[in-house]
Amino acid sequence: MRLSLAQLGAGTDKARNLSLVAGHARSAAEAGADLVAFPEFSMYDKKAVDRTFTVAAEPLDGAFVDGIRALAVELALTIVVGVVERNEVGDRPYNTLVAIDPSGSLVARYRKVHLFDSFGFRESDSITASESLEPVVFSVGDITVGLMTCYDLRFPELSRALADAGAQLMLACSSWVPGEGKAEQWKVLARARAIENACFFGAVSQIPPISIGRSLMVNPMGGVLGELDDRSGIATFDVTAAQVSDARENNPALEHRRYPGFRALAPR
């Protein structure tokens, strides 16, 4: 399976943001990608998450996701993208990732579990956390893909749950804000999640001034296959199930777990 990581700088103009996504998706299709992953809040973003996100929010059958559906069909491509999903029972929307396959079908929806109430930010003042803690996975070809969002990267429990649900590739779709040590933490955490779960790990972020860019792809042994700088662009990588199986056979740490609370065995 071929994956493109597409980093961009979304703002508050949803039509412009959809145009940016479309441009990168077309570049990914030209590169032969089967799957392209975009950052969180690709639909609408600004430096501080506030109540304007409620106004910007749309249902998953709204104009923005409909545009993604049309794009996925046109390009015969699976697209993962971050949206602001309307909350029908509250005034704070969800920070949601959707996966749309080449038929235009919604094959996965992941609402962010861990909200960014850290480093002086209070995402929970304006966003509703997921009510479900179930890991979200879907398949592209013979690869099972697991989803997480930004601050989730700091919680190894979620990546473990994704591995136990069969994930061979994990995506952290992010708007990783800058700060002291943040760029280094981003890279270290992505590599750690790949190593401890013996899986591919793609971390894709928005670019400055809101975020750091620096999207990267890590192999199941923790090696960085490639990374972007702080400019808009894509990077494309090949992912195989055999590499994950080989890594998990060479280092069967997932099978050696003894602490309670985990499922017995992660699929290879």
# chains A, B, ... in the order shown; residues from 1 in each chain; ligands from 1
call {"tool": "select_by_dssp", "arguments": {"residues": "region 115-259 of chain A", "states": "strand (DSSP E)", "output": "PyMOL selection string"}}
result
chain A and resi 137-140+143-149+169-174+200-205+216-218+224-227+233-238
call {"tool": "residues_around", "arguments": {"residues": "Leu60 (chain A)", "least_positions_apart": "5", "cutoff": "10 Å", "atoms": "only C-alpha atoms", "output": "number ranges by chain"}}
result
A: 65-66, 83-86, 96, 98, 106, 109
call {"tool": "write_last_selection", "arguments": {"atoms": "N, CA and C atoms", "output": "PDB file, in the first residue's frame"}}
result
ATOM      1  N   VAL A  65     -17.340  17.599   3.951  1.00  0.00           N
ATOM      2  CA  VAL A  65     -17.141  16.152   3.781  1.00  0.00           C
ATOM      3  C   VAL A  65     -17.691  15.698   2.431  1.00  0.00           C
ATOM      4  N   ASP A  66     -18.764  16.313   1.963  1.00  0.00           N
ATOM      5  CA  ASP A  66     -19.252  15.986   0.617  1.00  0.00           C
ATOM      6  C   ASP A  66     -18.191  16.292  -0.433  1.00  0.00           C
ATOM      7  N   VAL A  83     -11.807  17.158  10.491  1.00  0.00           N
ATOM      8  CA  VAL A  83     -12.939  18.075  10.343  1.00  0.00           C
ATOM      9  C   VAL A  83     -13.434  18.507  11.716  1.00  0.00           C
ATOM     10  N   VAL A  84     -14.263  19.538  11.718  1.00  0.00           N
ATOM     11  CA  VAL A  84     -14.967  19.959  12.924  1.00  0.00           C
ATOM     12  C   VAL A  84     -16.394  19.461  12.776  1.00  0.00           C
ATOM     13  N   GLU A  85     -16.728  18.425  13.539  1.00  0.00           N
ATOM     14  CA  GLU A  85     -18.021  17.755  13.394  1.00  0.00           C
ATOM     15  C   GLU A  85     -19.058  18.359  14.336  1.00  0.00           C
ATOM     16  N   ARG A  86     -20.189  18.741  13.788  1.00  0.00           N
ATOM     17  CA  ARG A  86     -21.265  19.307  14.587  1.00  0.00           C
ATOM     18  C   ARG A  86     -21.726  18.302  15.646  1.00  0.00           C
ATOM     19  N   THR A  96     -12.771  15.668  14.797  1.00  0.00           N
ATOM     20  CA  THR A  96     -13.028  14.364  14.186  1.00  0.00           C
ATOM     21  C   THR A  96     -12.139  14.118  12.980  1.00  0.00           C
ATOM     22  N   VAL A  98     -12.142  11.744   9.584  1.00  0.00           N
ATOM     23  CA  VAL A  98     -12.961  10.867   8.752  1.00  0.00           C
ATOM     24  C   VAL A  98     -12.068  10.195   7.721  1.00  0.00           C
ATOM     25  N   LEU A 106     -18.012   6.627   3.855  1.00  0.00           N
ATOM     26  CA  LEU A 106     -17.337   6.886   5.117  1.00  0.00           C
ATOM     27  C   LEU A 106     -16.986   5.542   5.750  1.00  0.00           C
ATOM     28  N   ARG A 109     -14.728   6.876  11.362  1.00  0.00           N
ATOM     29  CA  ARG A 109     -14.857   8.179  12.016  1.00  0.00           C
ATOM     30  C   ARG A 109     -14.210   8.064  13.379  1.00  0.00           C
TER      31      ARG A 109
END
call {"tool": "closest_residue", "arguments": {"among": "A:Ala28, A:Ala203, A:Ile127, A:Leu20", "to": "Thr54 (chain A)", "atoms": "only C-alpha atoms"}}
result
A:Ile127
call {"tool": "residues_around", "arguments": {"residues": "Ala22 (chain A)", "least_positions_apart": "5", "cutoff": "9 Å", "atoms": "only C-alpha atoms", "output": "list in words"}}
result
Asn17, Ser27, Gly67, Ile68 and Leu71 of chain A
call {"tool": "write_last_selection", "arguments": {"atoms": "C-alpha atoms", "output": "PDB file, in the first residue's frame"}}
result
ATOM      1  CA  ASN A  17      -9.075  24.748   2.931  1.00  0.00           C
ATOM      2  CA  SER A  27      -0.494  15.287  -6.025  1.00  0.00           C
ATOM      3  CA  GLY A  67     -16.351  17.698  -1.149  1.00  0.00           C
ATOM      4  CA  ILE A  68     -13.974  15.072   0.240  1.00  0.00           C
ATOM      5  CA  LEU A  71     -12.552  14.030  -4.422  1.00  0.00           C
TER       6      LEU A  71
END
call {"tool": "atom_distance", "arguments": {"atom1": "CA of Val107 (chain A)", "atom2": "CA of Arg69 (chain A)"}}
result
11.1 Å
call {"tool": "select_by_dssp", "arguments": {"residues": "region 6-209 of chain A", "states": "alpha helix (DSSP H)", "output": "PDB file with N, CA and C atoms, in the first residue's frame"}}
result
ATOM      1  N   LYS A  14     -13.178  27.868   4.914  1.00  0.00           N
ATOM      2  CA  LYS A  14     -13.372  26.441   4.645  1.00  0.00           C
ATOM      3  C   LYS A  14     -13.268  26.117   3.160  1.00  0.00           C
ATOM      4  N   ALA A  15     -13.731  27.013   2.300  1.00  0.00           N
ATOM      5  CA  ALA A  15     -13.632  26.762   0.855  1.00  0.00           C
ATOM      6  C   ALA A  15     -12.172  26.734   0.415  1.00  0.00           C
ATOM      7  N   ARG A  16     -11.383  27.654   0.949  1.00  0.00           N
ATOM      8  CA  ARG A  16      -9.945  27.648   0.635  1.00  0.00           C
ATOM      9  C   ARG A  16      -9.297  26.372   1.161  1.00  0.00           C
ATOM     10  N   ASN A  17      -9.663  25.958   2.354  1.00  0.00           N
ATOM     11  CA  ASN A  17      -9.075  24.748   2.931  1.00  0.00           C
ATOM     12  C   ASN A  17      -9.398  23.524   2.088  1.00  0.00           C
ATOM     13  N   LEU A  18     -10.628  23.427   1.609  1.00  0.00           N
ATOM     14  CA  LEU A  18     -11.000  22.306   0.748  1.00  0.00           C
ATOM     15  C   LEU A  18     -10.186  22.333  -0.540  1.00  0.00           C
ATOM     16  N   SER A  19      -9.927  23.523  -1.072  1.00  0.00           N
ATOM     17  CA  SER A  19      -9.103  23.648  -2.271  1.00  0.00           C
ATOM     18  C   SER A  19      -7.667  23.184  -2.004  1.00  0.00           C
ATOM     19  N   LEU A  20      -7.143  23.517  -0.816  1.00  0.00           N
ATOM     20  CA  LEU A  20      -5.792  23.057  -0.457  1.00  0.00           C
ATOM     21  C   LEU A  20      -5.745  21.531  -0.364  1.00  0.00           C
ATOM     22  N   VAL A  21      -6.750  20.952   0.276  1.00  0.00           N
ATOM     23  CA  VAL A  21      -6.823  19.494   0.378  1.00  0.00           C
ATOM     24  C   VAL A  21      -6.887  18.871  -1.013  1.00  0.00           C
ATOM     25  N   ALA A  22      -7.703  19.437  -1.875  1.00  0.00           N
ATOM     26  CA  ALA A  22      -7.843  18.893  -3.228  1.00  0.00           C
ATOM     27  C   ALA A  22      -6.513  18.924  -3.985  1.00  0.00           C
ATOM     28  N   GLY A  23      -5.780  20.021  -3.860  1.00  0.00           N
ATOM     29  CA  GLY A  23      -4.497  20.106  -4.550  1.00  0.00           C
ATOM     30  C   GLY A  23      -3.519  19.048  -4.084  1.00  0.00           C
ATOM     31  N   HIS A  24      -3.424  18.857  -2.784  1.00  0.00           N
ATOM     32  CA  HIS A  24      -2.508  17.840  -2.249  1.00  0.00           C
ATOM     33  C   HIS A  24      -3.001  16.429  -2.580  1.00  0.00           C
ATOM     34  N   ALA A  25      -4.307  16.213  -2.552  1.00  0.00           N
ATOM     35  CA  ALA A  25      -4.847  14.891  -2.891  1.00  0.00           C
ATOM     36  C   ALA A  25      -4.517  14.539  -4.341  1.00  0.00           C
ATOM     37  N   ARG A  26      -4.608  15.505  -5.212  1.00  0.00           N
ATOM     38  CA  ARG A  26      -4.265  15.246  -6.613  1.00  0.00           C
ATOM     39  C   ARG A  26      -2.777  14.922  -6.754  1.00  0.00           C
ATOM     40  N   SER A  27      -1.930  15.612  -5.999  1.00  0.00           N
ATOM     41  CA  SER A  27      -0.494  15.287  -6.025  1.00  0.00           C
ATOM     42  C   SER A  27      -0.249  13.873  -5.505  1.00  0.00           C
ATOM     43  N   ALA A  28      -0.983  13.484  -4.461  1.00  0.00           N
ATOM     44  CA  ALA A  28      -0.843  12.128  -3.924  1.00  0.00           C
ATOM     45  C   ALA A  28      -1.280  11.094  -4.948  1.00  0.00           C
ATOM     46  N   ALA A  29      -2.389  11.359  -5.629  1.00  0.00           N
ATOM     47  CA  ALA A  29      -2.856  10.428  -6.665  1.00  0.00           C
ATOM     48  C   ALA A  29      -1.831  10.303  -7.775  1.00  0.00           C
ATOM     49  N   GLU A  30      -1.217  11.407  -8.157  1.00  0.00           N
ATOM     50  CA  GLU A  30      -0.179  11.373  -9.199  1.00  0.00           C
ATOM     51  C   GLU A  30       1.035  10.573  -8.748  1.00  0.00           C
ATOM     52  N   THR A  52     -15.603  29.845  17.958  1.00  0.00           N
ATOM     53  CA  THR A  52     -15.873  29.957  16.518  1.00  0.00           C
ATOM     54  C   THR A  52     -15.894  28.584  15.855  1.00  0.00           C
ATOM     55  N   PHE A  53     -15.287  27.592  16.493  1.00  0.00           N
ATOM     56  CA  PHE A  53     -15.315  26.239  15.939  1.00  0.00           C
ATOM     57  C   PHE A  53     -16.746  25.685  15.944  1.00  0.00           C
ATOM     58  N   THR A  54     -17.553  26.115  16.902  1.00  0.00           N
ATOM     59  CA  THR A  54     -18.955  25.694  16.927  1.00  0.00           C
ATOM     60  C   THR A  54     -19.696  26.235  15.710  1.00  0.00           C
ATOM     61  N   VAL A  55     -19.433  27.475  15.366  1.00  0.00           N
ATOM     62  CA  VAL A  55     -20.077  28.097  14.200  1.00  0.00           C
ATOM     63  C   VAL A  55     -19.616  27.407  12.918  1.00  0.00           C
ATOM     64  N   ALA A  56     -18.327  27.062  12.854  1.00  0.00           N
ATOM     65  CA  ALA A  56     -17.760  26.449  11.647  1.00  0.00           C
ATOM     66  C   ALA A  56     -18.148  24.985  11.478  1.00  0.00           C
ATOM     67  N   ALA A  63     -21.185  20.163   3.577  1.00  0.00           N
ATOM     68  CA  ALA A  63     -20.508  20.551   2.341  1.00  0.00           C
ATOM     69  C   ALA A  63     -19.045  20.119   2.307  1.00  0.00           C
ATOM     70  N   PHE A  64     -18.338  20.246   3.447  1.00  0.00           N
ATOM     71  CA  PHE A  64     -16.912  19.935   3.410  1.00  0.00           C
ATOM     72  C   PHE A  64     -16.680  18.443   3.176  1.00  0.00           C
ATOM     73  N   VAL A  65     -17.340  17.599   3.951  1.00  0.00           N
ATOM     74  CA  VAL A  65     -17.141  16.152   3.781  1.00  0.00           C
ATOM     75  C   VAL A  65     -17.691  15.698   2.431  1.00  0.00           C
ATOM     76  N   ASP A  66     -18.764  16.313   1.963  1.00  0.00           N
ATOM     77  CA  ASP A  66     -19.252  15.986   0.617  1.00  0.00           C
ATOM     78  C   ASP A  66     -18.191  16.292  -0.433  1.00  0.00           C
ATOM     79  N   GLY A  67     -17.450  17.383  -0.239  1.00  0.00           N
ATOM     80  CA  GLY A  67     -16.351  17.698  -1.149  1.00  0.00           C
ATOM     81  C   GLY A  67     -15.254  16.652  -1.096  1.00  0.00           C
ATOM     82  N   ILE A  68     -14.977  16.139   0.097  1.00  0.00           N
ATOM     83  CA  ILE A  68     -13.974  15.072   0.240  1.00  0.00           C
ATOM     84  C   ILE A  68     -14.469  13.793  -0.430  1.00  0.00           C
ATOM     85  N   ARG A  69     -15.737  13.480  -0.276  1.00  0.00           N
ATOM     86  CA  ARG A  69     -16.296  12.295  -0.938  1.00  0.00           C
ATOM     87  C   ARG A  69     -16.114  12.389  -2.453  1.00  0.00           C
ATOM     88  N   ALA A  70     -16.453  13.526  -3.024  1.00  0.00           N
ATOM     89  CA  ALA A  70     -16.327  13.697  -4.468  1.00  0.00           C
ATOM     90  C   ALA A  70     -14.879  13.566  -4.908  1.00  0.00           C
ATOM     91  N   LEU A  71     -13.977  14.098  -4.110  1.00  0.00           N
ATOM     92  CA  LEU A  71     -12.552  14.030  -4.422  1.00  0.00           C
ATOM     93  C   LEU A  71     -12.041  12.591  -4.373  1.00  0.00           C
ATOM     94  N   ALA A  72     -12.456  11.834  -3.355  1.00  0.00           N
ATOM     95  CA  ALA A  72     -12.033  10.436  -3.227  1.00  0.00           C
ATOM     96  C   ALA A  72     -12.499   9.611  -4.417  1.00  0.00           C
ATOM     97  N   VAL A  73     -13.732   9.846  -4.857  1.00  0.00           N
ATOM     98  CA  VAL A  73     -14.261   9.124  -6.022  1.00  0.00           C
ATOM     99  C   VAL A  73     -13.504   9.521  -7.279  1.00  0.00           C
ATOM    100  N   GLU A  74     -13.319  10.814  -7.473  1.00  0.00           N
ATOM    101  CA  GLU A  74     -12.622  11.307  -8.670  1.00  0.00           C
ATOM    102  C   GLU A  74     -11.218  10.733  -8.790  1.00  0.00           C
ATOM    103  N   LEU A  75     -10.510  10.652  -7.669  1.00  0.00           N
ATOM    104  CA  LEU A  75      -9.101  10.252  -7.686  1.00  0.00           C
ATOM    105  C   LEU A  75      -8.897   8.775  -7.368  1.00  0.00           C
ATOM    106  N   PRO A 156       0.321   6.217  25.267  1.00  0.00           N
ATOM    107  CA  PRO A 156       0.632   4.923  24.647  1.00  0.00           C
ATOM    108  C   PRO A 156      -0.499   3.915  24.755  1.00  0.00           C
ATOM    109  N   GLU A 157      -1.431   4.122  25.696  1.00  0.00           N
ATOM    110  CA  GLU A 157      -2.552   3.199  25.830  1.00  0.00           C
ATOM    111  C   GLU A 157      -3.380   3.129  24.548  1.00  0.00           C
ATOM    112  N   LEU A 158      -3.545   4.267  23.883  1.00  0.00           N
ATOM    113  CA  LEU A 158      -4.342   4.273  22.665  1.00  0.00           C
ATOM    114  C   LEU A 158      -3.635   3.510  21.554  1.00  0.00           C
ATOM    115  N   SER A 159      -2.353   3.721  21.401  1.00  0.00           N
ATOM    116  CA  SER A 159      -1.644   2.991  20.349  1.00  0.00           C
ATOM    117  C   SER A 159      -1.631   1.491  20.628  1.00  0.00           C
ATOM    118  N   ARG A 160      -1.557   1.107  21.902  1.00  0.00           N
ATOM    119  CA  ARG A 160      -1.643  -0.312  22.255  1.00  0.00           C
ATOM    120  C   ARG A 160      -3.001  -0.880  21.856  1.00  0.00           C
ATOM    121  N   ALA A 161      -4.058  -0.113  22.146  1.00  0.00           N
ATOM    122  CA  ALA A 161      -5.397  -0.575  21.773  1.00  0.00           C
ATOM    123  C   ALA A 161      -5.526  -0.699  20.262  1.00  0.00           C
ATOM    124  N   LEU A 162      -4.940   0.222  19.536  1.00  0.00           N
ATOM    125  CA  LEU A 162      -4.975   0.137  18.075  1.00  0.00           C
ATOM    126  C   LEU A 162      -4.214  -1.089  17.584  1.00  0.00           C
ATOM    127  N   ALA A 163      -3.059  -1.375  18.182  1.00  0.00           N
ATOM    128  CA  ALA A 163      -2.306  -2.572  17.801  1.00  0.00           C
ATOM    129  C   ALA A 163      -3.128  -3.825  18.077  1.00  0.00           C
ATOM    130  N   ASP A 164      -3.790  -3.856  19.215  1.00  0.00           N
ATOM    131  CA  ASP A 164      -4.614  -5.016  19.559  1.00  0.00           C
ATOM    132  C   ASP A 164      -5.818  -5.141  18.629  1.00  0.00           C
ATOM    133  N   LYS A 182       8.986  21.096  21.655  1.00  0.00           N
ATOM    134  CA  LYS A 182       7.830  20.425  21.062  1.00  0.00           C
ATOM    135  C   LYS A 182       8.183  19.667  19.782  1.00  0.00           C
ATOM    136  N   ALA A 183       9.036  20.234  18.934  1.00  0.00           N
ATOM    137  CA  ALA A 183       9.390  19.549  17.680  1.00  0.00           C
ATOM    138  C   ALA A 183      10.132  18.251  17.962  1.00  0.00           C
ATOM    139  N   GLU A 184      11.022  18.284  18.942  1.00  0.00           N
ATOM    140  CA  GLU A 184      11.762  17.073  19.296  1.00  0.00           C
ATOM    141  C   GLU A 184      10.832  16.044  19.920  1.00  0.00           C
ATOM    142  N   GLN A 185       9.908  16.472  20.770  1.00  0.00           N
ATOM    143  CA  GLN A 185       8.954  15.546  21.372  1.00  0.00           C
ATOM    144  C   GLN A 185       8.090  14.872  20.295  1.00  0.00           C
ATOM    145  N   TRP A 186       7.653  15.643  19.322  1.00  0.00           N
ATOM    146  CA  TRP A 186       6.852  15.131  18.205  1.00  0.00           C
ATOM    147  C   TRP A 186       7.537  13.940  17.546  1.00  0.00           C
ATOM    148  N   LYS A 187       8.813  14.125  17.243  1.00  0.00           N
ATOM    149  CA  LYS A 187       9.557  13.078  16.543  1.00  0.00           C
ATOM    150  C   LYS A 187       9.823  11.884  17.452  1.00  0.00           C
ATOM    151  N   VAL A 188      10.210  12.141  18.684  1.00  0.00           N
ATOM    152  CA  VAL A 188      10.497  11.058  19.632  1.00  0.00           C
ATOM    153  C   VAL A 188       9.246  10.228  19.900  1.00  0.00           C
ATOM    154  N   LEU A 189       8.116  10.880  20.106  1.00  0.00           N
ATOM    155  CA  LEU A 189       6.880  10.160  20.396  1.00  0.00           C
ATOM    156  C   LEU A 189       6.425   9.314  19.214  1.00  0.00           C
ATOM    157  N   ALA A 190       6.538   9.850  17.997  1.00  0.00           N
ATOM    158  CA  ALA A 190       6.165   9.070  16.813  1.00  0.00           C
ATOM    159  C   ALA A 190       7.040   7.826  16.699  1.00  0.00           C
ATOM    160  N   ARG A 191       8.334   7.980  16.935  1.00  0.00           N
ATOM    161  CA  ARG A 191       9.233   6.832  16.847  1.00  0.00           C
ATOM    162  C   ARG A 191       8.943   5.828  17.963  1.00  0.00           C
ATOM    163  N   ALA A 192       8.643   6.330  19.161  1.00  0.00           N
ATOM    164  CA  ALA A 192       8.333   5.428  20.276  1.00  0.00           C
ATOM    165  C   ALA A 192       7.089   4.603  19.995  1.00  0.00           C
ATOM    166  N   ARG A 193       6.025   5.243  19.484  1.00  0.00           N
ATOM    167  CA  ARG A 193       4.792   4.512  19.186  1.00  0.00           C
ATOM    168  C   ARG A 193       5.036   3.440  18.129  1.00  0.00           C
ATOM    169  N   ALA A 194       5.885   3.725  17.148  1.00  0.00           N
ATOM    170  CA  ALA A 194       6.210   2.718  16.138  1.00  0.00           C
ATOM    171  C   ALA A 194       6.994   1.556  16.745  1.00  0.00           C
ATOM    172  N   ILE A 195       8.000   1.874  17.557  1.00  0.00           N
ATOM    173  CA  ILE A 195       8.861   0.840  18.127  1.00  0.00           C
ATOM    174  C   ILE A 195       8.080  -0.073  19.067  1.00  0.00           C
ATOM    175  N   GLU A 196       7.311   0.512  19.978  1.00  0.00           N
ATOM    176  CA  GLU A 196       6.660  -0.302  21.006  1.00  0.00           C
ATOM    177  C   GLU A 196       5.536  -1.162  20.446  1.00  0.00           C
ATOM    178  N   ASN A 197       5.014  -0.802  19.263  1.00  0.00           N
ATOM    179  CA  ASN A 197       3.944  -1.582  18.636  1.00  0.00           C
ATOM    180  C   ASN A 197       4.392  -2.294  17.368  1.00  0.00           C
TER     181      ASN A 197
END
call {"tool": "atom_distance", "arguments": {"atom1": "CA of Val204 (chain A)", "atom2": "CA of Glu255 (chain A)"}}
result
29.0 Å
call {"tool": "residues_around", "arguments": {"residues": "Val140 (chain A)", "least_positions_apart": "5", "cutoff": "10 Å", "atoms": "only C-alpha atoms", "output": "VMD selection string"}}
result
chain A and resid 1 to 3 34 to 35 77 to 78 101 145
call {"tool": "residues_around", "arguments": {"residues": "Ser130 (chain A)", "least_positions_apart": "2", "cutoff": "7 Å", "atoms": "only C-alpha atoms", "output": "MDAnalysis selection string"}}
result
chainID A and resid 111:113 128 132
call {"tool": "write_last_selection", "arguments": {"atoms": "N, CA and C atoms", "output": "PDB file, in the first residue's frame"}}
result
ATOM      1  N   ARG A 111     -13.418  10.359  16.702  1.00  0.00           N
ATOM      2  CA  ARG A 111     -13.514  11.581  17.475  1.00  0.00           C
ATOM      3  C   ARG A 111     -12.399  11.598  18.513  1.00  0.00           C
ATOM      4  N   LYS A 112     -11.694  12.708  18.588  1.00  0.00           N
ATOM      5  CA  LYS A 112     -10.521  12.811  19.459  1.00  0.00           C
ATOM      6  C   LYS A 112     -10.881  12.482  20.905  1.00  0.00           C
ATOM      7  N   VAL A 113     -10.078  11.624  21.501  1.00  0.00           N
ATOM      8  CA  VAL A 113     -10.314  11.176  22.871  1.00  0.00           C
ATOM      9  C   VAL A 113      -9.665  12.114  23.882  1.00  0.00           C
ATOM     10  N   THR A 128     -15.828  18.864  22.368  1.00  0.00           N
ATOM     11  CA  THR A 128     -16.310  17.732  23.154  1.00  0.00           C
ATOM     12  C   THR A 128     -15.436  16.504  22.890  1.00  0.00           C
ATOM     13  N   SER A 132     -16.731   7.514  23.225  1.00  0.00           N
ATOM     14  CA  SER A 132     -16.247   6.146  23.061  1.00  0.00           C
ATOM     15  C   SER A 132     -14.728   6.101  23.166  1.00  0.00           C
TER      16      SER A 132
END
call {"tool": "residues_around", "arguments": {"residues": "Asp230 (chain A)", "least_positions_apart": "3", "cutoff": "7 Å", "atoms": "only C-alpha atoms", "output": "list in words"}}
result
Ile207, Pro208, Ile212, Gly213 and Arg214 of chain A
call {"tool": "write_last_selection", "arguments": {"atoms": "C-alpha atoms", "output": "CSV table (one decimal), in the first residue's frame"}}
result
chain,number,residue,atom,x,y,z
A,207,ILE,CA,2.5,24.1,9.1
A,208,PRO,CA,3.5,27.4,10.7
A,212,ILE,CA,5.2,23.0,13.3
A,213,GLY,CA,4.9,20.9,10.1
A,214,ARG,CA,7.7,18.3,10.3
call {"tool": "closest_residue", "arguments": {"among": "A:Asn251, A:Thr240, A:Ser124, A:Ser174", "to": "Gln7 (chain A)", "atoms": "only C-alpha atoms"}}
result
A:Ser174
call {"tool": "decode", "arguments": {"residues": "region 33-60 of chain A", "atoms": "C-alpha atoms", "output": "PDB file, in the first residue's frame"}}
result
ATOM      1  CA  ALA A  33      -0.921   6.736  -3.432  1.00  0.00           C
ATOM      2  CA  ASP A  34      -3.729   4.467  -2.253  1.00  0.00           C
ATOM      3  CA  LEU A  35      -4.227   6.549   0.897  1.00  0.00           C
ATOM      4  CA  VAL A  36      -3.527  10.203   1.703  1.00  0.00           C
ATOM      5  CA  ALA A  37      -3.603  11.522   5.268  1.00  0.00           C
ATOM      6  CA  PHE A  38      -4.193  15.165   6.174  1.00  0.00           C
ATOM      7  CA  PRO A  39      -3.858  16.946   9.536  1.00  0.00           C
ATOM      8  CA  GLU A  40      -6.519  17.503  12.156  1.00  0.00           C
ATOM      9  CA  PHE A  41      -8.665  20.602  11.676  1.00  0.00           C
ATOM     10  CA  SER A  42      -7.969  20.656   7.928  1.00  0.00           C
ATOM     11  CA  MET A  43     -11.530  21.958   7.571  1.00  0.00           C
ATOM     12  CA  TYR A  44     -11.075  24.915   9.933  1.00  0.00           C
ATOM     13  CA  ASP A  45      -8.147  25.972  12.097  1.00  0.00           C
ATOM     14  CA  LYS A  46      -6.781  28.949  13.969  1.00  0.00           C
ATOM     15  CA  LYS A  47      -4.126  29.567  16.584  1.00  0.00           C
ATOM     16  CA  ALA A  48      -6.457  29.045  19.539  1.00  0.00           C
ATOM     17  CA  VAL A  49      -9.394  26.659  19.556  1.00  0.00           C
ATOM     18  CA  ASP A  50     -12.386  28.763  20.587  1.00  0.00           C
ATOM     19  CA  ARG A  51     -16.155  28.985  20.205  1.00  0.00           C
ATOM     20  CA  THR A  52     -15.873  29.957  16.518  1.00  0.00           C
ATOM     21  CA  PHE A  53     -15.315  26.239  15.939  1.00  0.00           C
ATOM     22  CA  THR A  54     -18.955  25.694  16.927  1.00  0.00           C
ATOM     23  CA  VAL A  55     -20.077  28.097  14.200  1.00  0.00           C
ATOM     24  CA  ALA A  56     -17.760  26.449  11.647  1.00  0.00           C
ATOM     25  CA  ALA A  57     -18.811  22.886  12.519  1.00  0.00           C
ATOM     26  CA  GLU A  58     -20.705  20.783   9.989  1.00  0.00           C
ATOM     27  CA  PRO A  59     -22.404  17.370  10.052  1.00  0.00           C
ATOM     28  CA  LEU A  60     -20.611  14.558   8.270  1.00  0.00           C
TER      29      LEU A  60
END
